[in-house]
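Source file: structure.cif (mmCIF, C-alpha atoms and all ligand atoms)
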```cif
data_query
#
loop_
_atom_site.group_PDB
_atom_site.id
_atom_site.type_symbol
_atom_site.label_atom_id
_atom_site.label_comp_id
_atom_site.auth_asym_id
_atom_site.auth_seq_id
_atom_site.Cartn_x
_atom_site.Cartn_y
_atom_site.Cartn_z
ATOM 1 C CA MET E 1 -10.587 -9.942 5.143
ATOM 2 C CA GLU E 2 -12.820 -9.406 8.143
ATOM 3 C CA LYS E 3 -10.629 -6.726 9.638
ATOM 4 C CA MET E 4 -10.780 -4.329 6.694
ATOM 5 C CA THR E 5 -11.349 -0.829 7.952
ATOM 6 C CA GLU E 6 -13.545 1.580 6.047
ATOM 7 C CA GLY E 7 -10.551 3.326 4.416
ATOM 8 C CA ASN E 8 -9.260 0.055 3.001
ATOM 9 C CA LYS E 9 -12.373 -0.437 0.865
ATOM 10 C CA TYR E 10 -11.226 2.449 -1.309
ATOM 11 C CA CYS E 11 -8.195 2.515 -3.583
ATOM 12 C CA ALA E 12 -5.222 4.105 -1.816
ATOM 13 C CA ASP E 13 -4.183 5.923 -4.980
ATOM 14 C CA CYS E 14 -7.325 7.081 -6.765
ATOM 15 C CA GLY E 15 -10.012 6.720 -4.093
ATOM 16 C CA THR E 16 -12.247 4.424 -6.179
ATOM 17 C CA LEU E 17 -14.577 2.212 -4.144
ATOM 18 C CA GLY E 18 -13.651 -1.437 -4.540
ATOM 19 C CA VAL E 19 -10.178 -2.876 -4.197
ATOM 20 C CA ALA E 20 -8.647 -5.797 -6.109
ATOM 21 C CA PHE E 21 -4.951 -5.700 -5.205
ATOM 22 C CA VAL E 22 -2.681 -5.156 -2.259
ATOM 23 C CA SER E 23 0.752 -3.604 -2.431
ATOM 24 C CA VAL E 24 2.233 -5.816 0.241
ATOM 25 C CA ASN E 25 5.384 -3.816 0.953
ATOM 26 C CA ASN E 26 3.429 -0.545 1.165
ATOM 27 C CA ALA E 27 0.575 -2.220 3.082
ATOM 28 C CA VAL E 28 -2.121 -0.543 0.996
ATOM 29 C CA PHE E 29 -5.206 -1.632 -0.937
ATOM 30 C CA LEU E 30 -5.592 -0.685 -4.606
ATOM 31 C CA CYS E 31 -8.254 -0.858 -7.321
ATOM 32 C CA SER E 32 -7.639 -3.055 -10.369
ATOM 33 C CA GLU E 33 -6.478 -0.113 -12.488
ATOM 34 C CA CYS E 34 -3.927 1.229 -9.983
ATOM 35 C CA GLY E 35 -2.855 -2.320 -9.146
ATOM 36 C CA GLU E 36 -1.995 -2.893 -12.807
ATOM 37 C CA LEU E 37 -0.020 0.345 -12.819
ATOM 38 C CA HIS E 38 1.911 -0.743 -9.723
ATOM 39 C CA LYS E 39 2.919 -3.940 -11.522
ATOM 40 C CA SER E 40 5.057 -1.783 -13.797
ATOM 41 C CA LEU E 41 6.992 -0.474 -10.811
ATOM 42 C CA ASP E 42 10.078 -2.213 -9.484
ATOM 43 C CA GLU E 43 9.426 -4.864 -6.835
ATOM 44 C CA SER E 44 11.527 -2.872 -4.395
ATOM 45 C CA VAL E 45 8.939 -0.115 -4.825
ATOM 46 C CA SER E 46 5.695 -2.109 -4.893
ATOM 47 C CA ILE E 47 4.958 -5.821 -4.578
ATOM 48 C CA ILE E 48 1.473 -6.388 -5.981
ATOM 49 C CA LYS E 49 -0.716 -9.322 -5.037
ATOM 50 C CA SER E 50 -4.319 -10.107 -5.803
ATOM 51 C CA ILE E 51 -6.471 -9.554 -2.745
ATOM 52 C CA ASN E 52 -7.594 -13.200 -2.993
ATOM 53 C CA LYS E 53 -4.046 -14.526 -2.866
ATOM 54 C CA LEU E 54 -2.750 -13.028 0.360
ATOM 55 C CA THR E 55 -0.826 -15.181 2.816
ATOM 56 C CA SER E 56 -1.360 -14.854 6.565
ATOM 57 C CA GLN E 57 1.899 -12.865 6.673
ATOM 58 C CA ASP E 58 0.557 -10.461 4.021
ATOM 59 C CA ILE E 59 -2.644 -9.987 5.985
ATOM 60 C CA LEU E 60 -0.616 -9.230 9.097
ATOM 61 C CA ILE E 61 1.335 -6.567 7.204
ATOM 62 C CA VAL E 62 -1.709 -4.836 5.756
ATOM 63 C CA SER E 63 -3.502 -4.917 9.089
ATOM 64 C CA LEU E 64 -0.544 -3.043 10.629
ATOM 65 C CA GLY E 65 -0.371 -0.587 7.760
ATOM 66 C CA GLY E 66 -3.392 0.260 5.675
ATOM 67 C CA ASN E 67 -4.413 3.094 3.399
ATOM 68 C CA GLU E 68 -5.086 5.666 6.105
ATOM 69 C CA LYS E 69 -1.714 5.166 7.714
ATOM 70 C CA LEU E 70 0.166 5.640 4.452
ATOM 71 C CA HIS E 71 -1.950 8.692 3.575
ATOM 72 C CA GLU E 72 -1.262 10.262 6.957
ATOM 73 C CA PHE E 73 2.437 9.646 6.569
ATOM 74 C CA LEU E 74 2.691 10.943 2.999
ATOM 75 C CA GLU E 75 0.600 13.990 3.883
ATOM 76 C CA ASN E 76 3.559 15.206 5.963
ATOM 77 C CA TYR E 77 5.504 15.437 2.721
ATOM 78 C CA SER E 78 2.565 16.616 0.571
ATOM 79 C CA LEU E 79 3.003 13.531 -1.595
ATOM 80 C CA ASN E 80 -0.564 12.207 -1.778
ATOM 81 C CA SER E 81 -1.433 14.064 -4.980
ATOM 82 C CA PHE E 82 1.695 12.874 -6.803
ATOM 83 C CA PRO E 83 1.499 10.224 -9.573
ATOM 84 C CA ALA E 84 1.962 6.704 -8.163
ATOM 85 C CA LYS E 85 5.446 6.317 -9.608
ATOM 86 C CA ASP E 86 6.770 9.531 -8.020
ATOM 87 C CA LYS E 87 4.885 8.921 -4.800
ATOM 88 C CA TYR E 88 6.077 5.364 -4.194
ATOM 89 C CA GLU E 89 9.610 5.977 -5.439
ATOM 90 C CA SER E 90 10.032 8.942 -3.077
ATOM 91 C CA THR E 91 12.479 8.816 -0.197
ATOM 92 C CA ALA E 92 9.587 9.219 2.234
ATOM 93 C CA ALA E 93 7.801 6.160 0.820
ATOM 94 C CA ARG E 94 11.026 4.140 0.983
ATOM 95 C CA TYR E 95 11.355 5.072 4.626
ATOM 96 C CA TYR E 96 7.732 4.069 5.224
ATOM 97 C CA ARG E 97 8.227 0.669 3.580
ATOM 98 C CA ALA E 98 11.339 0.034 5.665
ATOM 99 C CA ASN E 99 9.268 0.692 8.768
ATOM 100 C CA VAL E 100 6.436 -1.583 7.672
ATOM 101 C CA LYS E 101 9.025 -4.316 7.302
ATOM 102 C CA ILE E 102 10.611 -3.629 10.690
ATOM 103 C CA ASN E 103 7.211 -3.890 12.372
ATOM 104 C CA ILE E 104 6.767 -7.341 10.881
ATOM 105 C CA THR E 105 10.189 -8.867 11.356
ATOM 106 C CA GLY E 106 11.011 -6.992 14.538
ATOM 107 C CA SER E 107 14.552 -6.378 13.338
HETATM 108 ZN ZN ZN E 201 -7.098 3.191 -7.969
#
```

Take the structure in the file and write it out as structure tokens.
Ligand SMILES: [Zn+2]
Amino acid sequence: MEKMTEGNKYCADCGTLGVAFVSVNNAVFLCSECGELHKSLDESVSIIKSINKLTSQDILIVSLGGNEKLHEFLENYSLNSFPAKDKYESTAARYYRANVKINITGS
């Protein structure tokens, strides 16, 4: 993960330094605690992978997205302070995920 920007070293949800998981469909990095929490969410909401088990496709996705990008987007809807479940199940987050996917597949 050479291309990790500074913001991606911190958990996207709680801001803890040190990330262990990636939510591939949200293109964000998470700490072990928040990653475990995301595992309880539906896969349509968050697909969690260990940071050591990313495919080249996953890495492409997270390099296009990233924590800062999601934060900037959700800030428009004042969603950053919401609990993970409410935040990632929001209509805004669904829209964001759809766009992440479009950027990858080009369709
Ligand atoms: Zn966290």

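Neighbouring residues of segment 69-77 of chain E at 9 Å or closer, counting all atoms listed in the file and skipping chain neighbours under 5 positions away, are Ala12, Asn26, Ala27, Val28, Leu64, Lys87, Ala92, Ala93 and Tyr96 of chain E.
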
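Of the residues under consideration (E:Ala20, E:Ile61, E:Leu79, E:Cys31), E:Ile61 shows the shortest atom-to-atom contact distance to Ile102 of chain E when counting all atoms listed in the file.
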
Closest atom pairs, chain E residues within 12 Å of ligand ZN 201 (chain E), all atoms listed in the file, as a tab-separated table:
```
residue	atom	partner	partner_atom	distance
E:Asn8	CA	E:ZN201	ZN	11.6
E:Lys9	CA	E:ZN201	ZN	10.9
E:Tyr10	CA	E:ZN201	ZN	7.9
E:Cys11	CA	E:ZN201	ZN	4.6
E:Ala12	CA	E:ZN201	ZN	6.5
E:Asp13	CA	E:ZN201	ZN	5.0
E:Cys14	CA	E:ZN201	ZN	4.1
E:Gly15	CA	E:ZN201	ZN	6.0
E:Thr16	CA	E:ZN201	ZN	5.6
E:Leu17	CA	E:ZN201	ZN	8.5
E:Gly18	CA	E:ZN201	ZN	8.7
E:Val19	CA	E:ZN201	ZN	7.8
E:Ala20	CA	E:ZN201	ZN	9.3
E:Phe21	CA	E:ZN201	ZN	9.6
E:Val22	CA	E:ZN201	ZN	11.0
E:Ser23	CA	E:ZN201	ZN	11.8
E:Val28	CA	E:ZN201	ZN	10.9
E:Phe29	CA	E:ZN201	ZN	8.7
E:Leu30	CA	E:ZN201	ZN	5.3
E:Cys31	CA	E:ZN201	ZN	4.3
E:Ser32	CA	E:ZN201	ZN	6.7
E:Glu33	CA	E:ZN201	ZN	5.6
E:Cys34	CA	E:ZN201	ZN	4.2
E:Gly35	CA	E:ZN201	ZN	7.1
E:Glu36	CA	E:ZN201	ZN	9.3
E:Leu37	CA	E:ZN201	ZN	9.0
E:His38	CA	E:ZN201	ZN	10.0
E:Asn67	CA	E:ZN201	ZN	11.7
E:Pro83	CA	E:ZN201	ZN	11.2
E:Ala84	CA	E:ZN201	ZN	9.7
```

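Relative to atom CA of Asn25 of chain E, atom CA of Thr105 of chain E is found at 12.5 Å.
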
> What is the atom CA of Phe82 of chain E to atom CA of Leu54 of chain E distance in Å?
Replying inline: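 Rounded to one decimal, the two atoms are 27.2 Å apart.
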
> Expressed in Å to a single decimal, how great is the separation between atom CA of Lys39 of chain E and atom CA of Gln57 of chain E?
Replying inline: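 Atom-to-atom, atom CA of Lys39 of chain E to atom CA of Gln57 of chain E, that is 20.3 Å.
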
> Between E:Glu6, E:Glu68, E:Val45, E:Lys85, which is the closest to Ala98 of chain E once you count only C-alpha atoms?
Replying inline: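 When distances to Ala98 of chain E are compared using only C-alpha atoms, the smallest one comes from E:Val45.
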